[in-house]
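Encoded as structure tokens, the structure appears first; notes follow it.
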Amino acid sequence: MTCIWKIGDFPPPETPDFVSSAYDGLTPYLLEFLTAPHPYRSGVMCPFMPRALAGKNIYLTYFDSNKTDKELQQLIRLCIDFYKVIRHCA
């Protein structure tokens with residue numbers, strides 16, 4: 001994991017080209033689809049998304065997909081630790 005940034009901030013300039021492309025593809029899903037009305041119940045598709053977006057509480061990162069299972073577990077642990085720090089500071 002090279003860096004973590006918030007939704008609404010662009011990927012840092014040092015990120016590989018695929019990150020910007022993935023970010024451009026992901027943001028409409030987060031901003032439009034998950035906040036659209038749900039077809040079978042009242043409310044939006046994801047009831048947590050409007051508040052998370054309003055508070056810029058969505059974080060993004062990337063990683064090399066050629067990692068071993070052990071390396072991926074370490075990356076997941078880093079993300080969990082990051083979440084605990086952010087949650088504690090909020």
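Residue numbering restarts at 1 for every chain of the structure tokens, chains are lettered A, B, ... in their displayed order, and ligands are numbered from 1 as they appear.
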
> What's the 12 Å shell around Ala22 in chain A, counting only C-alpha atoms, without same-chain residues fewer than 4 positions away, as an MDAnalysis selection string?
Replying inline: chainID A and resid 10:11 15:18 26:29 60:62

Could those selected residues go to a file with N, CA and C atoms, as a compact mmCIF listing (two decimals), in the first residue's frame?
# COMPACT_ATOMS: atom_id res chain seq x y z
N PHE A 10 -8.06 13.65 -5.66
CA PHE A 10 -7.59 12.84 -6.76
C PHE A 10 -6.46 11.95 -6.28
N PRO A 11 -6.24 10.83 -6.97
CA PRO A 11 -5.10 9.99 -6.57
C PRO A 11 -3.82 10.82 -6.61
N THR A 15 1.00 7.86 -8.20
CA THR A 15 0.33 6.58 -8.42
C THR A 15 0.45 6.16 -9.88
N PRO A 16 0.46 4.86 -10.14
CA PRO A 16 0.51 4.37 -11.52
C PRO A 16 -0.72 4.81 -12.31
N ASP A 17 -0.60 4.79 -13.63
CA ASP A 17 -1.70 5.23 -14.50
C ASP A 17 -3.00 4.47 -14.26
N PHE A 18 -2.90 3.17 -13.97
CA PHE A 18 -4.12 2.38 -13.79
C PHE A 18 -4.95 2.87 -12.60
N LEU A 26 -14.56 4.11 -10.70
CA LEU A 26 -15.19 3.81 -9.42
C LEU A 26 -16.07 4.94 -8.90
N THR A 27 -15.65 6.17 -9.09
CA THR A 27 -16.38 7.28 -8.48
C THR A 27 -17.83 7.39 -8.93
N PRO A 28 -18.18 7.17 -10.21
CA PRO A 28 -19.60 7.21 -10.55
C PRO A 28 -20.42 6.14 -9.81
N TYR A 29 -19.84 4.99 -9.59
CA TYR A 29 -20.52 3.93 -8.85
C TYR A 29 -20.80 4.39 -7.43
N LEU A 60 -9.42 5.48 -0.20
CA LEU A 60 -9.02 4.64 -1.32
C LEU A 60 -7.52 4.39 -1.27
N THR A 61 -7.13 3.25 -1.79
CA THR A 61 -5.71 2.92 -1.93
C THR A 61 -5.60 1.92 -3.09
N TYR A 62 -4.43 1.44 -3.33
CA TYR A 62 -4.20 0.43 -4.36
C TYR A 62 -3.05 -0.45 -3.90

> Quick one: DSSP alpha helix (DSSP H) residues in chain A, as number ranges by chain?
Replying inline: A: 17-28, 49-54, 69-89

For N, CA and C atoms, I'd like the residues from the last selection saved as a tab-separated table (two decimals), in the first residue's frame.
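out-v9.tsv, written as the output of this step:
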chain	number	residue	atom	x	y	z
A	17	ASP	N	-0.60	4.79	-13.63
A	17	ASP	CA	-1.70	5.23	-14.50
A	17	ASP	C	-3.00	4.47	-14.26
A	18	PHE	N	-2.90	3.17	-13.97
A	18	PHE	CA	-4.12	2.38	-13.79
A	18	PHE	C	-4.95	2.87	-12.60
A	19	VAL	N	-4.31	3.51	-11.63
A	19	VAL	CA	-5.03	3.98	-10.45
A	19	VAL	C	-5.98	5.11	-10.82
A	20	SER	N	-5.52	6.05	-11.61
A	20	SER	CA	-6.39	7.15	-12.05
A	20	SER	C	-7.55	6.63	-12.87
A	21	SER	N	-7.27	5.68	-13.74
A	21	SER	CA	-8.32	5.09	-14.57
A	21	SER	C	-9.34	4.35	-13.70
A	22	ALA	N	-8.87	3.59	-12.73
A	22	ALA	CA	-9.77	2.86	-11.83
A	22	ALA	C	-10.58	3.84	-10.99
A	23	TYR	N	-9.95	4.89	-10.51
A	23	TYR	CA	-10.64	5.92	-9.72
A	23	TYR	C	-11.75	6.57	-10.54
A	24	ASP	N	-11.44	6.89	-11.79
A	24	ASP	CA	-12.45	7.49	-12.68
A	24	ASP	C	-13.63	6.55	-12.91
A	25	GLY	N	-13.37	5.25	-12.94
A	25	GLY	CA	-14.44	4.28	-13.11
A	25	GLY	C	-15.22	4.01	-11.83
A	26	LEU	N	-14.56	4.11	-10.70
A	26	LEU	CA	-15.19	3.81	-9.42
A	26	LEU	C	-16.07	4.94	-8.90
A	27	THR	N	-15.65	6.17	-9.09
A	27	THR	CA	-16.38	7.28	-8.48
A	27	THR	C	-17.83	7.39	-8.93
A	28	PRO	N	-18.18	7.17	-10.21
A	28	PRO	CA	-19.60	7.21	-10.55
A	28	PRO	C	-20.42	6.14	-9.81
A	49	MET	N	-23.92	5.38	2.47
A	49	MET	CA	-23.12	6.15	1.53
A	49	MET	C	-23.35	7.67	1.60
A	50	PRO	N	-24.57	8.18	1.68
A	50	PRO	CA	-24.71	9.64	1.72
A	50	PRO	C	-23.94	10.30	2.86
A	51	ARG	N	-24.02	9.73	4.05
A	51	ARG	CA	-23.30	10.30	5.19
A	51	ARG	C	-21.78	10.15	5.03
A	52	ALA	N	-21.36	9.00	4.54
A	52	ALA	CA	-19.93	8.78	4.33
A	52	ALA	C	-19.38	9.76	3.29
A	53	LEU	N	-20.13	10.00	2.24
A	53	LEU	CA	-19.70	10.96	1.23
A	53	LEU	C	-19.68	12.38	1.78
A	54	ALA	N	-20.69	12.74	2.54
A	54	ALA	CA	-20.77	14.09	3.09
A	54	ALA	C	-19.59	14.37	4.02
A	69	ASP	N	-0.27	-14.42	-0.64
A	69	ASP	CA	-1.34	-14.38	0.35
A	69	ASP	C	-0.87	-13.72	1.64
A	70	LYS	N	0.33	-14.04	2.07
A	70	LYS	CA	0.87	-13.46	3.31
A	70	LYS	C	1.03	-11.94	3.16
A	71	GLU	N	1.51	-11.49	2.02
A	71	GLU	CA	1.67	-10.05	1.79
A	71	GLU	C	0.31	-9.35	1.76
A	72	LEU	N	-0.68	-10.00	1.15
A	72	LEU	CA	-2.03	-9.42	1.12
A	72	LEU	C	-2.62	-9.35	2.53
A	73	GLN	N	-2.37	-10.36	3.34
A	73	GLN	CA	-2.84	-10.33	4.73
A	73	GLN	C	-2.20	-9.17	5.49
A	74	GLN	N	-0.93	-8.91	5.23
A	74	GLN	CA	-0.25	-7.78	5.87
A	74	GLN	C	-0.86	-6.45	5.41
A	75	LEU	N	-1.19	-6.35	4.13
A	75	LEU	CA	-1.82	-5.13	3.62
A	75	LEU	C	-3.19	-4.92	4.25
A	76	ILE	N	-3.93	-5.99	4.38
A	76	ILE	CA	-5.25	-5.89	5.02
A	76	ILE	C	-5.09	-5.45	6.47
A	77	ARG	N	-4.10	-5.98	7.16
A	77	ARG	CA	-3.84	-5.57	8.55
A	77	ARG	C	-3.51	-4.08	8.61
A	78	LEU	N	-2.72	-3.57	7.68
A	78	LEU	CA	-2.40	-2.15	7.63
A	78	LEU	C	-3.66	-1.31	7.43
A	79	CYS	N	-4.55	-1.78	6.57
A	79	CYS	CA	-5.81	-1.06	6.34
A	79	CYS	C	-6.67	-1.06	7.60
A	80	ILE	N	-6.72	-2.18	8.29
A	80	ILE	CA	-7.49	-2.26	9.53
A	80	ILE	C	-6.89	-1.33	10.57
A	81	ASP	N	-5.58	-1.32	10.68
A	81	ASP	CA	-4.93	-0.42	11.63
A	81	ASP	C	-5.21	1.04	11.28
A	82	PHE	N	-5.16	1.37	10.00
A	82	PHE	CA	-5.47	2.73	9.55
A	82	PHE	C	-6.90	3.10	9.95
A	83	TYR	N	-7.84	2.19	9.70
A	83	TYR	CA	-9.24	2.43	10.05
A	83	TYR	C	-9.39	2.68	11.55
A	84	LYS	N	-8.71	1.90	12.37
A	84	LYS	CA	-8.82	2.07	13.82
A	84	LYS	C	-8.30	3.44	14.25
A	85	VAL	N	-7.23	3.91	13.65
A	85	VAL	CA	-6.67	5.22	13.97
A	85	VAL	C	-7.65	6.32	13.54
A	86	ILE	N	-8.17	6.23	12.33
A	86	ILE	CA	-9.11	7.23	11.81
A	86	ILE	C	-10.37	7.24	12.66
A	87	ARG	N	-10.87	6.08	13.00
A	87	ARG	CA	-12.09	5.97	13.79
A	87	ARG	C	-11.89	6.57	15.18
A	88	HIS	N	-10.72	6.33	15.76
A	88	HIS	CA	-10.41	6.83	17.07
A	88	HIS	C	-10.30	8.37	17.07
A	89	CYS	N	-9.79	8.92	15.97
A	89	CYS	CA	-9.61	10.38	15.87
A	89	CYS	C	-10.93	11.09	15.58

>> Which residues are near range 6-9 of chain A? Cut-off 7 Å, only C-alpha atoms, ignore same chain within fewer than 3 positions. Put them as a ChimeraX atom specification.
In response: /A:56-60
